[in-house]
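The file coords11.txt comes next; it holds compact mmCIF, C-alpha atoms and all ligand atoms.
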# COMPACT_ATOMS: atom_id res chain seq x y z
CA MET A 739 16.10 23.89 -64.84
CA THR A 740 17.27 25.57 -61.63
CA PRO A 741 20.68 24.29 -60.54
CA MET A 742 20.52 23.12 -56.95
CA THR A 743 22.66 20.89 -54.78
CA PRO A 744 20.84 17.74 -53.77
CA MET A 745 20.72 16.72 -50.10
CA ILE A 746 22.17 13.20 -50.25
CA GLN A 747 22.62 10.97 -47.21
CA THR A 748 26.20 10.00 -46.46
CA ASN A 749 26.01 6.28 -45.68
CA PRO A 750 28.57 4.46 -47.84
CA ARG A 751 26.99 2.84 -50.87
CA PRO A 752 27.39 -0.96 -50.69
CA PRO A 753 29.65 -2.22 -53.49
CA ILE A 754 27.58 -3.39 -56.46
CA VAL A 755 28.93 -6.28 -58.45
CA ALA A 756 27.14 -6.37 -61.78
CA PRO A 757 27.34 -9.83 -63.35
CA PRO A 758 28.87 -10.33 -66.79
CA HIS A 759 26.30 -10.31 -69.59
CA PRO A 760 25.04 -13.86 -70.04
CA GLN A 761 26.12 -15.35 -73.34
CA TRP A 762 23.19 -17.30 -74.78
CA PRO A 763 24.05 -19.70 -77.60
CA ASP A 764 22.98 -18.38 -81.01
CA LEU A 765 19.91 -20.12 -82.38
CA ASP A 766 19.32 -20.55 -86.09
CA PRO A 767 15.83 -19.46 -87.24
CA THR A 768 14.46 -23.03 -87.25
CA ALA A 769 15.72 -23.80 -83.74
CA LYS A 770 14.40 -20.45 -82.47
CA GLN A 771 10.99 -21.08 -83.98
CA ALA A 772 10.87 -24.55 -82.45
CA LEU A 773 11.83 -23.14 -79.04
CA LYS A 774 9.16 -20.44 -79.29
CA ASP A 775 6.57 -23.07 -80.22
CA ARG A 776 7.51 -25.21 -77.22
CA ILE A 777 7.18 -22.15 -74.95
CA ARG A 778 3.75 -21.34 -76.43
CA GLY A 779 2.64 -24.90 -75.62
CA LEU A 780 3.96 -24.69 -72.06
CA LEU A 781 2.27 -21.34 -71.45
CA LYS A 782 -1.05 -22.69 -72.67
CA ALA A 783 -0.81 -25.93 -70.69
CA GLN A 784 -0.06 -24.01 -67.49
CA ASN A 785 -2.59 -21.18 -68.02
CA ALA A 786 0.37 -18.80 -67.86
CA VAL A 787 1.03 -15.38 -69.39
CA LEU A 788 4.22 -13.45 -70.02
CA VAL A 789 4.63 -9.97 -68.58
CA ALA A 790 7.77 -8.45 -70.09
CA HIS A 791 9.65 -5.19 -69.65
CA TYR A 792 10.75 -3.08 -72.64
CA TYR A 793 14.41 -3.75 -71.79
CA THR A 794 14.15 -7.51 -72.33
CA ASP A 795 15.15 -9.34 -75.47
CA GLY A 796 12.96 -8.60 -78.53
CA ASP A 797 12.08 -12.29 -78.94
CA LEU A 798 10.55 -12.31 -75.47
CA GLN A 799 8.62 -9.12 -76.11
CA GLU A 800 7.30 -10.54 -79.37
CA LEU A 801 6.29 -13.80 -77.73
CA ALA A 802 4.56 -11.96 -74.89
CA GLU A 803 2.48 -9.99 -77.38
CA GLU A 804 1.67 -13.02 -79.52
CA THR A 805 0.50 -15.14 -76.58
CA GLY A 806 -1.87 -12.70 -74.84
CA GLY A 807 0.71 -11.34 -72.42
CA HIS A 808 1.91 -7.79 -72.04
CA VAL A 809 5.02 -5.66 -72.67
CA ALA A 810 5.24 -2.50 -70.62
CA ASP A 811 7.03 -0.20 -68.20
CA SER A 812 7.19 -1.14 -64.54
CA LEU A 813 3.94 0.62 -63.57
CA GLU A 814 1.93 -1.02 -66.35
CA MET A 815 3.50 -4.41 -65.62
CA ALA A 816 2.18 -4.15 -62.06
CA ARG A 817 -1.28 -3.19 -63.31
CA PHE A 818 -1.48 -5.96 -65.91
CA GLY A 819 -0.67 -8.74 -63.44
CA ALA A 820 -3.65 -7.76 -61.33
CA GLN A 821 -6.01 -7.67 -64.33
CA SER A 822 -4.96 -10.94 -65.92
CA GLY A 823 -7.08 -14.04 -65.43
CA ALA A 824 -4.08 -16.37 -65.82
CA GLU A 825 -3.10 -18.65 -62.93
CA THR A 826 0.61 -18.11 -63.52
CA LEU A 827 2.42 -14.86 -64.31
CA VAL A 828 5.85 -15.26 -65.87
CA VAL A 829 7.59 -11.96 -65.27
CA CYS A 830 10.43 -11.26 -67.71
CA GLY A 831 12.33 -8.41 -66.16
CA VAL A 832 14.17 -7.97 -62.87
CA ARG A 833 13.35 -9.25 -59.42
CA PHE A 834 11.50 -6.23 -58.07
CA MET A 835 9.04 -6.62 -60.95
CA GLY A 836 8.41 -10.26 -60.02
CA GLU A 837 8.09 -9.37 -56.35
CA THR A 838 5.60 -6.58 -57.10
CA ALA A 839 3.52 -9.02 -59.17
CA LYS A 840 3.50 -11.52 -56.29
CA ILE A 841 2.70 -8.87 -53.67
CA LEU A 842 -0.31 -7.73 -55.71
CA ASN A 843 -1.38 -11.25 -56.68
CA PRO A 844 -0.60 -13.58 -53.78
CA GLU A 845 -3.01 -16.23 -55.08
CA LYS A 846 -1.13 -16.55 -58.38
CA ARG A 847 2.05 -18.45 -59.09
CA VAL A 848 4.69 -15.94 -60.18
CA LEU A 849 7.72 -17.25 -62.05
CA MET A 850 10.76 -15.49 -63.47
CA PRO A 851 13.26 -16.88 -65.98
CA ASP A 852 16.01 -16.21 -63.41
CA LEU A 853 15.51 -15.05 -59.83
CA ALA A 854 19.11 -13.82 -59.78
CA ALA A 855 18.09 -10.99 -62.11
CA THR A 856 18.26 -8.13 -59.66
CA CYS A 857 18.95 -4.39 -60.09
CA SER A 858 21.75 -2.15 -58.86
CA LEU A 859 19.25 0.16 -57.20
CA ASP A 860 17.73 -2.72 -55.23
CA GLU A 861 21.19 -4.11 -54.35
CA GLY A 862 22.37 -0.69 -53.24
CA CYS A 863 19.56 -0.21 -50.73
CA PRO A 864 19.69 -2.95 -48.07
CA ALA A 865 16.59 -3.02 -45.85
CA ASP A 866 18.44 -2.72 -42.51
CA ALA A 867 20.48 0.37 -43.46
CA PHE A 868 17.42 1.88 -45.13
CA THR A 869 15.30 1.32 -42.00
CA ALA A 870 17.95 3.08 -39.89
CA PHE A 871 17.93 6.00 -42.36
CA CYS A 872 14.13 6.28 -42.10
CA ASP A 873 14.23 6.00 -38.30
CA ALA A 874 16.71 8.90 -38.21
CA HIS A 875 14.25 11.12 -40.13
CA PRO A 876 10.80 10.43 -38.68
CA ASP A 877 9.50 13.81 -39.87
CA ARG A 878 9.76 12.79 -43.55
CA THR A 879 7.32 10.90 -45.76
CA VAL A 880 9.15 7.85 -47.14
CA VAL A 881 8.89 7.52 -50.93
CA VAL A 882 10.68 4.61 -52.59
CA TYR A 883 11.21 3.83 -56.23
CA ALA A 884 9.70 0.53 -57.36
CA ASN A 885 13.27 -0.76 -58.00
CA THR A 886 13.60 -1.93 -54.38
CA SER A 887 13.11 -5.11 -52.35
CA ALA A 888 9.80 -6.04 -50.73
CA ALA A 889 11.37 -5.29 -47.33
CA VAL A 890 12.28 -1.72 -48.36
CA LYS A 891 8.81 -1.19 -49.80
CA ALA A 892 7.34 -2.47 -46.52
CA ARG A 893 9.13 0.37 -44.68
CA SER A 894 7.82 3.04 -47.07
CA ASP A 895 4.73 5.25 -47.21
CA TRP A 896 4.62 5.41 -51.01
CA VAL A 897 6.04 3.40 -53.89
CA VAL A 898 6.52 5.24 -57.20
CA THR A 899 7.76 4.37 -60.67
CA SER A 900 9.33 6.85 -63.06
CA SER A 901 5.99 7.39 -64.78
CA ILE A 902 4.16 8.50 -61.63
CA ALA A 903 6.93 9.97 -59.43
CA LEU A 904 6.37 13.62 -60.34
CA PRO A 905 2.63 13.82 -59.68
CA ILE A 906 2.92 11.88 -56.41
CA VAL A 907 5.75 14.02 -55.04
CA ARG A 908 3.95 17.19 -56.18
CA HIS A 909 0.89 15.98 -54.30
CA LEU A 910 2.97 15.37 -51.15
CA ALA A 911 4.74 18.73 -51.43
CA ALA A 912 1.39 20.50 -51.81
CA ARG A 913 0.35 18.92 -48.50
CA GLY A 914 3.49 20.40 -46.90
CA GLU A 915 5.20 17.00 -46.52
CA LYS A 916 8.99 16.65 -46.61
CA VAL A 917 10.21 13.60 -48.51
CA LEU A 918 12.81 10.95 -47.79
CA TRP A 919 13.59 9.42 -51.19
CA ALA A 920 15.34 6.16 -52.10
CA PRO A 921 17.24 4.71 -53.78
CA ASP A 922 18.04 6.51 -57.08
CA LYS A 923 19.71 9.85 -56.36
CA HIS A 924 19.60 10.93 -60.03
CA LEU A 925 15.88 10.33 -60.38
CA GLY A 926 15.40 11.82 -56.91
CA HIS A 927 17.29 14.98 -57.85
CA TYR A 928 15.30 15.29 -61.08
CA VAL A 929 12.02 14.97 -59.14
CA GLU A 930 13.27 17.51 -56.60
CA ARG A 931 14.11 20.05 -59.33
CA GLN A 932 10.81 19.55 -61.11
CA THR A 933 8.57 19.69 -58.04
CA GLY A 934 10.49 21.97 -55.66
CA ALA A 935 9.77 19.45 -52.89
CA ASP A 936 12.04 19.23 -49.85
CA MET A 937 13.78 15.90 -50.47
CA LEU A 938 16.51 13.97 -48.68
CA LEU A 939 18.05 11.41 -51.05
CA TRP A 940 19.53 7.95 -50.57
CA ASP A 941 22.86 7.55 -52.38
CA GLY A 942 22.00 4.96 -55.04
CA ALA A 943 22.27 4.81 -58.82
CA CYS A 944 21.56 2.59 -61.81
CA VAL A 945 24.80 1.13 -63.17
CA VAL A 946 23.42 1.30 -66.72
CA HIS A 947 22.11 4.88 -66.78
CA GLU A 948 24.98 6.28 -64.76
CA GLU A 949 27.29 5.44 -67.67
CA PHE A 950 25.75 8.02 -70.03
CA LYS A 951 28.15 10.92 -70.35
CA GLY A 952 27.12 14.56 -70.76
CA PHE A 953 30.22 15.70 -72.70
CA ALA A 954 29.92 12.85 -75.23
CA LEU A 955 26.19 13.47 -75.66
CA ASP A 956 26.88 17.13 -76.33
CA ARG A 957 29.31 16.16 -79.12
CA LEU A 958 26.83 13.69 -80.63
CA ARG A 959 24.02 16.25 -80.62
CA ARG A 960 26.15 18.61 -82.71
CA LEU A 961 26.54 15.85 -85.31
CA HIS A 962 22.76 15.28 -85.38
CA PRO A 963 21.11 18.70 -85.10
CA ASP A 964 17.68 17.33 -86.17
CA ALA A 965 17.63 14.61 -83.53
CA ALA A 966 15.44 14.81 -80.45
CA VAL A 967 17.21 13.66 -77.28
CA LEU A 968 15.25 11.20 -75.14
CA VAL A 969 16.49 10.51 -71.61
CA HIS A 970 15.32 8.25 -68.79
CA PRO A 971 15.52 10.20 -65.51
CA GLU A 972 17.83 7.60 -63.94
CA ALA A 973 20.59 9.27 -66.00
CA PRO A 974 22.89 11.87 -64.38
CA ASP A 975 21.96 15.58 -64.34
CA GLU A 976 24.32 16.60 -67.16
CA VAL A 977 22.54 14.14 -69.47
CA VAL A 978 19.00 14.97 -68.31
CA GLU A 979 19.72 18.68 -68.84
CA GLN A 980 20.28 18.08 -72.59
CA ALA A 981 17.02 16.18 -73.10
CA ASP A 982 14.07 17.19 -75.25
CA VAL A 983 12.01 14.55 -73.44
CA VAL A 984 12.68 13.09 -69.98
CA GLY A 985 10.44 10.25 -68.88
CA SER A 986 9.63 6.62 -68.23
CA THR A 987 10.25 3.97 -70.86
CA THR A 988 6.63 4.37 -72.01
CA ALA A 989 7.08 8.13 -72.35
CA LEU A 990 10.24 7.73 -74.42
CA ILE A 991 8.58 5.22 -76.77
CA LYS A 992 5.61 7.56 -77.14
CA ALA A 993 7.97 10.42 -78.04
CA VAL A 994 9.49 8.41 -80.90
CA THR A 995 6.04 7.75 -82.34
CA GLU A 996 4.66 11.27 -81.83
CA LEU A 997 7.50 13.75 -82.39
CA PRO A 998 8.15 14.76 -86.01
CA ASN A 999 11.97 14.42 -85.77
CA PRO A 1000 13.54 11.93 -88.21
CA GLU A 1001 16.24 10.95 -85.67
CA PHE A 1002 16.36 10.29 -81.94
CA ILE A 1003 19.30 10.03 -79.57
CA VAL A 1004 18.19 7.63 -76.84
CA ALA A 1005 19.73 7.60 -73.36
CA THR A 1006 18.30 4.50 -71.77
CA ASP A 1007 18.78 0.72 -71.92
CA ALA A 1008 19.26 -0.51 -75.49
CA GLY A 1009 16.50 -3.10 -75.04
CA ILE A 1010 13.97 -0.30 -75.65
CA PHE A 1011 15.04 -0.03 -79.31
CA TRP A 1012 13.06 -3.16 -80.20
CA LYS A 1013 9.69 -1.58 -79.32
CA MET A 1014 10.69 1.84 -80.71
CA HIS A 1015 11.64 0.26 -84.00
CA GLN A 1016 8.46 -1.84 -84.08
CA LEU A 1017 6.26 1.24 -83.62
CA ALA A 1018 8.29 3.70 -85.71
CA PRO A 1019 10.27 1.67 -88.26
CA HIS A 1020 11.21 4.72 -90.35
CA LYS A 1021 12.76 6.72 -87.53
CA ARG A 1022 16.53 6.57 -87.01
CA LEU A 1023 17.48 5.60 -83.47
CA ILE A 1024 20.93 6.46 -82.16
CA ALA A 1025 22.27 5.15 -78.85
CA ALA A 1026 23.47 7.91 -76.53
CA PRO A 1027 27.16 7.49 -75.75
CA THR A 1028 28.49 5.76 -72.67
CA ALA A 1029 32.18 6.15 -71.93
CA GLY A 1030 32.39 2.53 -70.92
CA GLU A 1031 34.24 3.33 -67.69
CA GLY A 1032 33.12 1.04 -64.91
CA ALA A 1033 30.54 -0.64 -67.10
CA THR A 1034 30.34 -4.38 -67.52
CA CYS A 1035 30.87 -3.96 -71.25
CA GLU A 1036 32.85 -1.47 -73.29
CA SER A 1037 30.18 0.77 -74.71
CA CYS A 1038 26.79 -0.87 -74.61
CA ALA A 1039 23.98 0.32 -72.42
CA HIS A 1040 22.23 -2.90 -71.60
CA CYS A 1041 21.31 -4.04 -68.11
CA PRO A 1042 23.15 -7.28 -67.28
CA TRP A 1043 20.25 -8.42 -65.12
CA MET A 1044 17.62 -7.78 -67.78
CA ALA A 1045 19.85 -9.84 -70.10
CA MET A 1046 19.30 -12.91 -67.89
CA ASN A 1047 15.87 -13.16 -69.50
CA ALA A 1048 16.11 -15.24 -72.66
CA LEU A 1049 14.04 -17.78 -74.55
CA GLN A 1050 16.27 -20.51 -73.09
CA SER A 1051 15.83 -19.44 -69.44
CA LEU A 1052 12.12 -18.94 -70.04
CA GLU A 1053 11.66 -22.49 -71.32
CA ARG A 1054 13.72 -23.82 -68.41
CA VAL A 1055 11.53 -22.18 -65.77
CA LEU A 1056 8.34 -23.34 -67.46
CA LEU A 1057 9.69 -26.91 -67.38
CA THR A 1058 11.06 -26.85 -63.84
CA GLY A 1059 9.01 -24.17 -62.04
CA ASP A 1060 12.08 -23.67 -59.88
CA GLN A 1061 12.36 -19.86 -60.17
CA GLU A 1062 9.18 -19.03 -58.28
CA VAL A 1063 8.82 -15.70 -56.47
CA CYS A 1064 7.73 -16.23 -52.86
CA ILE A 1065 7.07 -13.44 -50.36
CA GLU A 1066 6.58 -14.07 -46.68
CA PRO A 1067 2.89 -13.23 -45.88
CA THR A 1068 3.48 -10.65 -43.11
CA LEU A 1069 6.02 -8.83 -45.28
CA ARG A 1070 3.57 -8.92 -48.17
CA GLU A 1071 0.81 -7.41 -46.03
CA ARG A 1072 3.02 -4.40 -45.27
CA ALA A 1073 4.56 -4.02 -48.73
CA VAL A 1074 1.21 -4.07 -50.52
CA ILE A 1075 0.01 -0.88 -48.78
CA PRO A 1076 2.38 1.65 -50.46
CA ILE A 1077 2.11 -0.17 -53.80
CA ARG A 1078 -1.71 0.01 -53.71
CA ARG A 1079 -1.46 3.67 -52.70
CA MET A 1080 0.51 4.30 -55.91
CA LEU A 1081 -1.93 2.31 -58.06
CA ASP A 1082 -4.95 4.06 -56.52
CA PHE A 1083 -3.29 7.43 -57.12
CA ALA A 1084 -2.54 6.47 -60.74
CA ALA A 1085 -6.13 5.31 -61.26
CA ALA A 1086 -7.49 8.60 -59.87
CA GLN A 1087 -5.19 10.43 -62.27
CA VAL A 1088 -6.38 8.72 -65.42
CA SER A 1089 -8.40 11.67 -66.65
CA ALA A 1090 -5.73 14.20 -65.62
CA PRO A 1091 -2.47 14.64 -67.62
CA ARG A 1092 0.37 12.29 -66.58
CA LEU A 1093 3.14 14.81 -65.92
CA ALA A 1094 6.11 12.46 -66.29
CA ASP A 1095 4.51 10.16 -68.80
P1 LIG B 1101 10.36 2.22 -66.23
O1 LIG B 1101 9.45 2.19 -65.06
O2 LIG B 1101 10.44 3.57 -66.86
O3 LIG B 1101 10.00 1.15 -67.21
O4 LIG B 1101 11.86 1.94 -65.72
C1 LIG B 1101 12.24 0.78 -65.07
C2 LIG B 1101 13.71 0.65 -64.99
O5 LIG B 1101 14.24 -0.23 -64.36
C3 LIG B 1101 14.52 1.65 -65.68
O6 LIG B 1101 15.88 1.31 -65.57
FE1 LIG B 1102 17.99 -1.60 -62.39
FE2 LIG B 1102 19.28 -0.01 -64.04
FE3 LIG B 1102 18.78 -2.53 -64.73
FE4 LIG B 1102 16.77 -0.70 -64.60
S1 LIG B 1102 18.49 -0.71 -66.02
S2 LIG B 1102 16.74 -2.78 -63.81
S3 LIG B 1102 17.46 0.51 -62.86
S4 LIG B 1102 20.10 -1.84 -63.07
Take the structure in the file and write it out as structure tokens.
Ligand code: 13P
Ligand code: SF4
Amino acid sequence: MTPMTPMIQTNPRPPIVAPPHPQWPDLDPTAKQALKDRIRGLLKAQNAVLVAHYYTDGDLQELAEETGGHVADSLEMARFGAQSGAETLVVCGVRFMGETAKILNPEKRVLMPDLAATCSLDEGCPADAFTAFCDAHPDRTVVVYANTSAAVKARSDWVVTSSIALPIVRHLAARGEKVLWAPDKHLGHYVERQTGADMLLWDGACVVHEEFKGFALDRLRRLHPDAAVLVHPEAPDEVVEQADVVGSTTALIKAVTELPNPEFIVATDAGIFWKMHQLAPHKRLIAAPTAGEGATCESCAHCPWMAMNALQSLERVLLTGDQEVCIEPTLRERAVIPIRRMLDFAAAQVSAPRLAD
């Protein structure tokens, strides 16, 4: 990859306070089974389906699959919500995923186990400061990562997820458009290097992926010379540069199932190991090292907001309905345009290779 210095805007990043990991009481197998059965009953009675992200707890992913729901990356989660015939979507993930589901499906009830489950990228990109940034650069096409609020999406021209960012930015660059990118500077810099597009980046980062350390990964790779290194592009450059595969959560899972390596070093949220292990039980999965500095836990790479999704919080919302995602209609009308643009682009791409997939 060509080394290049990213053009990053200089507004101070708002302080991000990641919550402590929620401590859910341990359930013995009988209690867990009973809880799962109660949730199944509630889903059926409410004509509801679960749409879960790969970073959520394995029990939730399993339940989603067993009850006609879906487990996916953020692009596929958005697609599934629109295809499902259910009256209620229960989105197990973080708030932007619930908001995207509601924006695309305003007629459906969209619940989340906990509406406080946000994302450091979303928190680090307040709509007012972002609008001022866009207003200062009217010559640039505004491309925002899906991990943003509805208000930020409403100010954008395109929404992208990690699985579709490269082809969309390549398409814009081929049309001679200069890009204003927000909020993840690491993903933005990766896209810039891969596409050669002229990009101005917002200064945001994922608190989970930013903890992966290049020097420690280098040491670990020497200990496991047969391992393929899989990296989500929200990780810093020095980690991405050591990857055999860089891509969305779906792309990394696919790599574990398709590559012949017996071992994989995985630099993304540890929640992904559940699906990787389910699909490739004989492969050895090794967590890429985090140095622990600044993280909310010593050495784990698990998103504290994703961890708010649990069987207990899922049952609670199905009983109370109190964690419902609501989007103001005029905001929704604006935010749906760049999201649809992304989905239409992805649909048109189906027969062509997915470059970041
Ligand atoms: P994916 O779109 O690759 O699933 O990533 C979402 C995310 O939040 C990664 O941290
Ligand atoms: Fe946001 Fe990072 Fe959590 Fe993904 S892992 S939801 S980018 S904080």
Nearby residues (only C-alpha atoms) at most 10 Å from segment 802-813 of chain A, same-chain spacing under 4 positions excluded, as a ChimeraX atom specification: /A:777-778,781-782,786-794,796-798,817-819,822,824,827-832,834-835,838,884-885,898-902,986-989,1013,1077,1080-1081,1084
Selection near Leu849 of chain A, 6 Å with only C-alpha atoms, sequence-local residues under 3 positions removed, as a list of chain:residue names: A:Val828, A:Gln1061, A:Glu1062, A:Val1063
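Taking all atoms listed in the file into account, every polymer residue with at least one atom at most 8 Å away from ligand LIG 1102 (chain B) is listed here: A:Tyr793, A:Gly831, A:Val832, A:Thr856, A:Cys857, A:Ser858, A:Leu859, A:Asp860, A:Asn885, A:Ala943, A:Cys944, A:Val945, A:Val946, A:His947, A:Glu972, A:Thr1006, A:Asp1007, A:His1040, A:Cys1041, A:Pro1042, A:Trp1043, A:Met1044.
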Based on the selection just made, write C-alpha atoms of those residues as a compact mmCIF listing (two decimals), in the frame of the given file.
# COMPACT_ATOMS: atom_id res chain seq x y z
CA TYR A 793 14.41 -3.75 -71.79
CA GLY A 831 12.33 -8.41 -66.16
CA VAL A 832 14.17 -7.97 -62.87
CA THR A 856 18.26 -8.13 -59.66
CA CYS A 857 18.95 -4.39 -60.09
CA SER A 858 21.75 -2.15 -58.86
CA LEU A 859 19.25 0.16 -57.20
CA ASP A 860 17.73 -2.72 -55.23
CA ASN A 885 13.27 -0.76 -58.00
CA ALA A 943 22.27 4.81 -58.82
CA CYS A 944 21.56 2.59 -61.81
CA VAL A 945 24.80 1.13 -63.17
CA VAL A 946 23.42 1.30 -66.72
CA HIS A 947 22.11 4.88 -66.78
CA GLU A 972 17.83 7.60 -63.94
CA THR A 1006 18.30 4.50 -71.77
CA ASP A 1007 18.78 0.72 -71.92
CA HIS A 1040 22.23 -2.90 -71.60
CA CYS A 1041 21.31 -4.04 -68.11
CA PRO A 1042 23.15 -7.28 -67.28
CA TRP A 1043 20.25 -8.42 -65.12
CA MET A 1044 17.62 -7.78 -67.78
Nearby residues (all atoms listed in the file) at most 10 Å from Val1004 of chain A, same-chain spacing under 4 positions excluded, as a PyMOL selection string: chain A and resi 955+965-970+981+983+990-991+994+1008+1010-1011+1023-1027
Residues within 10 Å of Phe1083 of chain A, all atoms listed in the file, excluding chain neighbours under 5 positions, as a list in words: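 The residues satisfying every condition are Ile902, Pro905, Ile906, His909, Ile1077, Arg1078 and Val1088 of chain A.
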One-decimal distance in Å that lies between atom CA of Cys863 of chain A and atom C2 of ligand LIG 1101 (chain B): 15.4 Å
Distance in Å - atom CA of Val978 of chain A versus atom CA of Gly952 of chain A: 8.5 Å
Considering only C-alpha atoms, return as a PDB file with C-alpha atoms, in the coordinates of the input whatever protein or nucleic-acid residues lie within 9 Å of Asp866 of chain A, sequence-local ones (same chain, fewer than 5 positions apart) excluded.
ATOM      1  CA  PHE A 871      17.930   6.000 -42.360  1.00  0.00           C
ATOM      2  CA  ALA A 889      11.370  -5.290 -47.330  1.00  0.00           C
ATOM      3  CA  VAL A 890      12.280  -1.720 -48.360  1.00  0.00           C
TER       4      VAL A 890
END
Distance in Å - atom CA of Ala888 of chain A versus atom CA of Asp922 of chain A: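 Computing it gives 16.3 Å between the two atoms.
If you measure from each of A:Gly1059, A:Pro753, A:Pro1067, A:Pro921 to Arg847 of chain A using all atoms listed in the file, the closest one turns out to be A:Gly1059.
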Which residue of A:Val917, A:Pro760, A:Leu1056, A:Ala865 approaches Ala892 of chain A most closely, using only C-alpha atoms: A:Ala865
Counting all atoms listed in the file, the option among A:Ala867, A:Gly926, A:Ile746, A:Leu910 closest to Tyr883 of chain A: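 The answer is A:Gly926, which sits nearest to Tyr883 of chain A.
Comparing the minimum interatomic distances between ligand LIG 1101 (chain B) and each of A:Arg893, A:His924, A:Lys770, A:Arg776, counting only C-alpha atoms and all ligand atoms, we find that A:His924 sits nearest.
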Which of A:Met1046, A:Ala1005, A:Ala911, A:Leu958 sits closest to ligand LIG 1101 (chain B) [using all atoms listed in the file]: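 Closest to ligand LIG 1101 (chain B), using all atoms listed in the file: A:Ala1005.
Considering only C-alpha atoms, the residue among A:Ala954, A:Met745, A:Met815, A:Leu853 positioned nearest to Cys1064 of chain A is A:Leu853.
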File contents for segment 858-876 of chain A with N, CA and C atoms as a PDB file, in the first residue's frame:
ATOM      1  N   SER A 858     -19.044   4.617  19.425  1.00  0.00           N
ATOM      2  CA  SER A 858     -18.139   5.752  19.598  1.00  0.00           C
ATOM      3  C   SER A 858     -18.046   6.607  18.335  1.00  0.00           C
ATOM      4  N   LEU A 859     -18.269   5.991  17.185  1.00  0.00           N
ATOM      5  CA  LEU A 859     -18.213   6.768  15.938  1.00  0.00           C
ATOM      6  C   LEU A 859     -19.408   7.724  15.862  1.00  0.00           C
ATOM      7  N   ASP A 860     -20.566   7.231  16.223  1.00  0.00           N
ATOM      8  CA  ASP A 860     -21.786   8.038  16.249  1.00  0.00           C
ATOM      9  C   ASP A 860     -21.630   9.163  17.286  1.00  0.00           C
ATOM     10  N   GLU A 861     -21.187   8.798  18.497  1.00  0.00           N
ATOM     11  CA  GLU A 861     -21.010   9.788  19.575  1.00  0.00           C
ATOM     12  C   GLU A 861     -19.986  10.856  19.201  1.00  0.00           C
ATOM     13  N   GLY A 862     -18.996  10.473  18.423  1.00  0.00           N
ATOM     14  CA  GLY A 862     -17.916  11.395  18.095  1.00  0.00           C
ATOM     15  C   GLY A 862     -18.205  12.258  16.877  1.00  0.00           C
ATOM     16  N   CYS A 863     -19.433  12.229  16.397  1.00  0.00           N
ATOM     17  CA  CYS A 863     -19.777  13.019  15.208  1.00  0.00           C
ATOM     18  C   CYS A 863     -21.126  13.707  15.422  1.00  0.00           C
ATOM     19  N   PRO A 864     -21.154  14.744  16.281  1.00  0.00           N
ATOM     20  CA  PRO A 864     -22.422  15.440  16.545  1.00  0.00           C
ATOM     21  C   PRO A 864     -22.916  16.165  15.294  1.00  0.00           C
ATOM     22  N   ALA A 865     -24.233  16.156  15.104  1.00  0.00           N
ATOM     23  CA  ALA A 865     -24.812  16.671  13.848  1.00  0.00           C
ATOM     24  C   ALA A 865     -24.482  18.146  13.606  1.00  0.00           C
ATOM     25  N   ASP A 866     -24.475  18.976  14.664  1.00  0.00           N
ATOM     26  CA  ASP A 866     -24.243  20.405  14.426  1.00  0.00           C
ATOM     27  C   ASP A 866     -22.812  20.671  13.948  1.00  0.00           C
ATOM     28  N   ALA A 867     -21.832  20.072  14.614  1.00  0.00           N
ATOM     29  CA  ALA A 867     -20.433  20.267  14.195  1.00  0.00           C
ATOM     30  C   ALA A 867     -20.210  19.657  12.807  1.00  0.00           C
ATOM     31  N   PHE A 868     -20.858  18.542  12.549  1.00  0.00           N
ATOM     32  CA  PHE A 868     -20.698  17.892  11.243  1.00  0.00           C
ATOM     33  C   PHE A 868     -21.291  18.769  10.132  1.00  0.00           C
ATOM     34  N   THR A 869     -22.453  19.369  10.415  1.00  0.00           N
ATOM     35  CA  THR A 869     -23.093  20.244   9.422  1.00  0.00           C
ATOM     36  C   THR A 869     -22.182  21.429   9.100  1.00  0.00           C
ATOM     37  N   ALA A 870     -21.557  21.994  10.145  1.00  0.00           N
ATOM     38  CA  ALA A 870     -20.646  23.124   9.914  1.00  0.00           C
ATOM     39  C   ALA A 870     -19.453  22.693   9.053  1.00  0.00           C
ATOM     40  N   PHE A 871     -18.963  21.492   9.298  1.00  0.00           N
ATOM     41  CA  PHE A 871     -17.840  20.934   8.518  1.00  0.00           C
ATOM     42  C   PHE A 871     -18.247  20.806   7.042  1.00  0.00           C
ATOM     43  N   CYS A 872     -19.445  20.274   6.820  1.00  0.00           N
ATOM     44  CA  CYS A 872     -19.933  20.115   5.430  1.00  0.00           C
ATOM     45  C   CYS A 872     -20.119  21.479   4.773  1.00  0.00           C
ATOM     46  N   ASP A 873     -20.687  22.426   5.541  1.00  0.00           N
ATOM     47  CA  ASP A 873     -20.946  23.756   4.978  1.00  0.00           C
ATOM     48  C   ASP A 873     -19.639  24.448   4.579  1.00  0.00           C
ATOM     49  N   ALA A 874     -18.555  24.110   5.302  1.00  0.00           N
ATOM     50  CA  ALA A 874     -17.260  24.731   4.995  1.00  0.00           C
ATOM     51  C   ALA A 874     -16.605  24.126   3.750  1.00  0.00           C
ATOM     52  N   HIS A 875     -17.167  23.005   3.259  1.00  0.00           N
ATOM     53  CA  HIS A 875     -16.561  22.323   2.095  1.00  0.00           C
ATOM     54  C   HIS A 875     -17.646  21.953   1.080  1.00  0.00           C
ATOM     55  N   PRO A 876     -18.324  22.969   0.539  1.00  0.00           N
ATOM     56  CA  PRO A 876     -19.469  22.682  -0.330  1.00  0.00           C
ATOM     57  C   PRO A 876     -19.094  21.991  -1.643  1.00  0.00           C
TER      58      PRO A 876
END
